[in-house]
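Visitor: This is protein.pdb (PDB, C-alpha atoms).
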```pdb
MODEL        1
ATOM      1  CA  MET H   1      15.067  26.286  66.821  1.00  0.00           C
ATOM      2  CA  ARG H   2      15.945  23.132  64.875  1.00  0.00           C
ATOM      3  CA  THR H   3      15.511  24.884  61.508  1.00  0.00           C
ATOM      4  CA  SER H   4      17.880  27.705  62.447  1.00  0.00           C
ATOM      5  CA  ARG H   5      20.579  25.173  63.420  1.00  0.00           C
ATOM      6  CA  LEU H   6      20.141  23.382  60.120  1.00  0.00           C
ATOM      7  CA  VAL H   7      20.413  26.650  58.201  1.00  0.00           C
ATOM      8  CA  ALA H   8      23.489  27.682  60.212  1.00  0.00           C
ATOM      9  CA  ALA H   9      25.144  24.300  59.589  1.00  0.00           C
ATOM     10  CA  ALA H  10      24.376  24.509  55.856  1.00  0.00           C
ATOM     11  CA  VAL H  11      25.801  28.035  55.656  1.00  0.00           C
ATOM     12  CA  LEU H  12      28.928  26.941  57.534  1.00  0.00           C
ATOM     13  CA  VAL H  13      29.473  23.917  55.256  1.00  0.00           C
ATOM     14  CA  GLY H  14      28.960  26.107  52.171  1.00  0.00           C
ATOM     15  CA  ALA H  15      31.462  28.669  53.449  1.00  0.00           C
ATOM     16  CA  VAL H  16      34.078  25.999  54.185  1.00  0.00           C
ATOM     17  CA  VAL H  17      33.625  24.388  50.759  1.00  0.00           C
ATOM     18  CA  GLY H  18      33.873  27.783  49.057  1.00  0.00           C
ATOM     19  CA  PHE H  19      36.998  28.679  51.016  1.00  0.00           C
ATOM     20  CA  VAL H  20      38.692  25.371  50.137  1.00  0.00           C
ATOM     21  CA  ALA H  21      37.814  25.783  46.443  1.00  0.00           C
ATOM     22  CA  VAL H  22      39.206  29.331  46.312  1.00  0.00           C
ATOM     23  CA  ALA H  23      42.359  28.375  48.234  1.00  0.00           C
ATOM     24  CA  SER H  24      43.116  25.379  46.015  1.00  0.00           C
ATOM     25  CA  ASN H  25      42.496  27.405  42.834  1.00  0.00           C
ATOM     26  CA  SER H  26      44.837  30.202  43.908  1.00  0.00           C
ATOM     27  CA  ALA H  27      47.511  27.686  44.974  1.00  0.00           C
ATOM     28  CA  ALA H  28      47.345  26.024  41.562  1.00  0.00           C
ATOM     29  CA  GLN H  29      47.791  29.382  39.839  1.00  0.00           C
ATOM     30  CA  GLU H  30      50.785  30.362  42.013  1.00  0.00           C
ATOM     31  CA  ARG H  31      52.645  27.082  41.499  1.00  0.00           C
ATOM     32  CA  PRO H  32      55.261  27.599  38.754  1.00  0.00           C
ATOM     33  CA  ARG H  33      55.195  25.055  35.955  1.00  0.00           C
ATOM     34  CA  PRO H  34      58.477  23.324  35.208  1.00  0.00           C
ATOM     35  CA  ARG H  35      59.982  24.674  31.994  1.00  0.00           C
ATOM     36  CA  GLU H  36      62.232  21.705  31.324  1.00  0.00           C
ATOM     37  CA  ALA H  37      61.806  18.758  29.022  1.00  0.00           C
ATOM     38  CA  ALA H  38      60.852  15.498  30.700  1.00  0.00           C
ATOM     39  CA  CYS H  39      63.738  13.024  30.301  1.00  0.00           C
ATOM     40  CA  SER H  40      64.160   9.334  31.048  1.00  0.00           C
ATOM     41  CA  THR H  41      67.649   7.836  31.212  1.00  0.00           C
ATOM     42  CA  TRP H  42      68.627   4.192  31.156  1.00  0.00           C
ATOM     43  CA  VAL H  43      71.884   2.253  31.097  1.00  0.00           C
ATOM     44  CA  ARG H  44      72.402  -1.090  29.407  1.00  0.00           C
ATOM     45  CA  GLY H  45      75.903  -2.485  29.686  1.00  0.00           C
ATOM     46  CA  SER H  46      78.305   0.156  28.402  1.00  0.00           C
ATOM     47  CA  HIS H  47      75.607   2.179  26.586  1.00  0.00           C
ATOM     48  CA  ALA H  48      73.551   5.028  28.052  1.00  0.00           C
ATOM     49  CA  THR H  49      70.427   6.404  26.378  1.00  0.00           C
ATOM     50  CA  ALA H  50      68.167   9.314  27.257  1.00  0.00           C
ATOM     51  CA  SER H  51      64.771  10.076  25.803  1.00  0.00           C
ATOM     52  CA  CYS H  52      63.448  13.641  26.258  1.00  0.00           C
ATOM     53  CA  PHE H  53      60.073  15.179  25.404  1.00  0.00           C
ATOM     54  CA  ASN H  54      59.356  18.899  25.757  1.00  0.00           C
ATOM     55  CA  PRO H  55      55.663  19.635  26.503  1.00  0.00           C
ATOM     56  CA  ASN H  56      56.374  23.342  27.110  1.00  0.00           C
ATOM     57  CA  PRO H  57      56.028  26.261  24.677  1.00  0.00           C
ATOM     58  CA  ASP H  58      59.696  27.229  25.192  1.00  0.00           C
ATOM     59  CA  THR H  59      62.754  25.498  23.734  1.00  0.00           C
ATOM     60  CA  ASP H  60      64.947  23.538  26.152  1.00  0.00           C
ATOM     61  CA  ARG H  61      68.583  22.478  25.668  1.00  0.00           C
ATOM     62  CA  VAL H  62      69.411  19.014  26.991  1.00  0.00           C
ATOM     63  CA  GLN H  63      72.788  17.318  27.321  1.00  0.00           C
ATOM     64  CA  LEU H  64      73.616  13.713  28.242  1.00  0.00           C
ATOM     65  CA  HIS H  65      76.470  13.136  30.704  1.00  0.00           C
ATOM     66  CA  VAL H  66      78.025   9.700  31.284  1.00  0.00           C
ATOM     67  CA  GLU H  67      80.389   8.830  34.122  1.00  0.00           C
ATOM     68  CA  CYS H  68      82.402   5.689  33.368  1.00  0.00           C
ATOM     69  CA  ALA H  69      83.203   3.173  36.115  1.00  0.00           C
ATOM     70  CA  ARG H  70      86.861   2.565  35.176  1.00  0.00           C
ATOM     71  CA  TRP H  71      89.441   5.215  36.006  1.00  0.00           C
ATOM     72  CA  TRP H  72      91.086   4.938  32.581  1.00  0.00           C
ATOM     73  CA  ASP H  73      87.792   5.239  30.707  1.00  0.00           C
ATOM     74  CA  PRO H  74      87.076   8.941  29.964  1.00  0.00           C
ATOM     75  CA  ASP H  75      83.749  10.397  31.086  1.00  0.00           C
ATOM     76  CA  MET H  76      81.548  11.623  28.252  1.00  0.00           C
ATOM     77  CA  ASP H  77      79.550  14.828  27.871  1.00  0.00           C
ATOM     78  CA  GLY H  78      77.400  14.764  24.763  1.00  0.00           C
ATOM     79  CA  ARG H  79      76.725  17.853  22.716  1.00  0.00           C
ATOM     80  CA  PRO H  80      73.764  20.001  23.823  1.00  0.00           C
ATOM     81  CA  VAL H  81      70.640  19.436  21.739  1.00  0.00           C
ATOM     82  CA  GLU H  82      67.685  21.819  21.450  1.00  0.00           C
ATOM     83  CA  VAL H  83      64.274  20.337  22.104  1.00  0.00           C
ATOM     84  CA  GLY H  84      61.534  22.542  20.692  1.00  0.00           C
ATOM     85  CA  PRO H  85      57.907  22.639  21.828  1.00  0.00           C
ATOM     86  CA  ALA H  86      56.215  19.234  21.484  1.00  0.00           C
ATOM     87  CA  GLN H  87      59.427  17.661  20.187  1.00  0.00           C
ATOM     88  CA  HIS H  88      61.107  14.406  21.197  1.00  0.00           C
ATOM     89  CA  VAL H  89      64.857  13.694  21.074  1.00  0.00           C
ATOM     90  CA  ARG H  90      66.964  10.661  21.880  1.00  0.00           C
ATOM     91  CA  LEU H  91      70.538  11.001  23.134  1.00  0.00           C
ATOM     92  CA  ALA H  92      73.089   8.191  23.396  1.00  0.00           C
ATOM     93  CA  ASP H  93      76.682   7.777  24.528  1.00  0.00           C
ATOM     94  CA  ARG H  94      78.899   4.991  25.813  1.00  0.00           C
ATOM     95  CA  CYS H  95      81.958   3.955  27.774  1.00  0.00           C
ATOM     96  CA  TRP H  96      84.432   1.232  26.841  1.00  0.00           C
ATOM     97  CA  LYS H  97      83.424  -0.794  29.886  1.00  0.00           C
ATOM     98  CA  GLU H  98      80.796  -0.250  32.607  1.00  0.00           C
ATOM     99  CA  ILE H  99      78.907   2.967  33.283  1.00  0.00           C
ATOM    100  CA  ARG H 100      78.771   4.295  36.852  1.00  0.00           C
ATOM    101  CA  LYS H 101      75.949   6.770  36.200  1.00  0.00           C
ATOM    102  CA  ALA H 102      74.258   8.770  33.460  1.00  0.00           C
ATOM    103  CA  TRP H 103      72.150  11.935  33.697  1.00  0.00           C
ATOM    104  CA  VAL H 104      70.692  14.748  31.631  1.00  0.00           C
ATOM    105  CA  SER H 105      71.283  18.454  32.295  1.00  0.00           C
ATOM    106  CA  HIS H 106      69.073  21.323  31.090  1.00  0.00           C
ATOM    107  CA  ARG H 107      70.130  24.810  29.956  1.00  0.00           C
TER
ENDMDL
END
```
Can the structure from this file be put into structure tokens for me?
Guide:
Amino acid sequence: MRTSRLVAAAVLVGAVVGFVAVASNSAAQERPRPREAACSTWVRGSHATASCFNPNPDTDRVQLHVECARWWDPDMDGRPVEVGPAQHVRLADRCWKEIRKAWVSHR
């Protein structure tokens, strides 16, 4: 009687482990990979800089946008730059005075 319970428990544990392994593998395959370059943006005074690296096999187009804090200071949209596979680019722009925010868009 004790042996049959042990065998049943072992079979149950094996089935649960197998089910979890199959479920996690299929979930990983269904999850879409991001196709955008990874970008970091930082602001120092009136200068904004973005650093982008594209780990994907497809080309990505990145563009730096800067919103200036002063109403008379025009906002800046840099020119779009292509980032090929395994390439790194650095984008920079500035305002006359302070920067409210800076971000990178992808196309």
Visitor: Looking at H:Ala38, H:Ala50, H:Ala86, H:Val104, which one is nearest to His65 of chain H, with distances taken over only C-alpha atoms?
Guide: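 Among the listed residues, H:Val104 lies closest to His65 of chain H.
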Visitor: Which is closer to Cys68 of chain H than all the others in H:Arg35, H:Arg90, H:Trp42, H:His47, using only C-alpha atoms?
Guide: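 Among H:Arg35, H:Arg90, H:Trp42, H:His47, it is H:His47 that comes nearest to Cys68 of chain H.
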Visitor: Please provide the set of residues having any atom within 12 Å of His88 of chain H, restricted to only C-alpha atoms, with same-chain residues fewer than 2 positions apart removed, written as a PyMOL selection string.
Guide: chain H and resi 37-40+50-56+59-62+81-86+90-91
Visitor: I'd like the interatomic distance between atom CA of Arg44 of chain H and atom CA of His106 of chain H, to a tenth of an Å.
Guide: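 Atom-to-atom, atom CA of Arg44 of chain H to atom CA of His106 of chain H, that is 22.7 Å.
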Visitor: Rounded to one decimal place, report the atom CA of Trp103 of chain H-atom CA of Trp71 of chain H distance in Å.
Guide: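 Going from atom CA of Trp103 of chain H over to atom CA of Trp71 of chain H, I get 18.7 Å.
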Visitor: Could you check how far atom CA of Arg94 of chain H sits from atom CA of Ala48 of chain H, in Å to one decimal?
Guide: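 Spanning atom CA of Arg94 of chain H to atom CA of Ala48 of chain H is a straight-line distance of 5.8 Å.
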Visitor: Taking all atoms listed in the file into account, which of H:Thr41, H:Val89, H:Pro80, H:Ala102 comes nearest Glu67 of chain H?
Guide: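 Going through H:Thr41, H:Val89, H:Pro80, H:Ala102 one by one, the smallest distance to Glu67 of chain H is for H:Ala102.
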Visitor: Specify the axis-aligned box that encloses all atoms of segment 92-103 of chain H listed in the file after padding of 8 Å on each side, stating its centre and edge lengths in Å to one decimal as lines of an AutoDock Vina configuration file.
Guide:
```
center_x = 78.3
center_y = 5.6
center_z = 30.1
size_x = 28.3
size_y = 28.7
size_z = 29.5
```
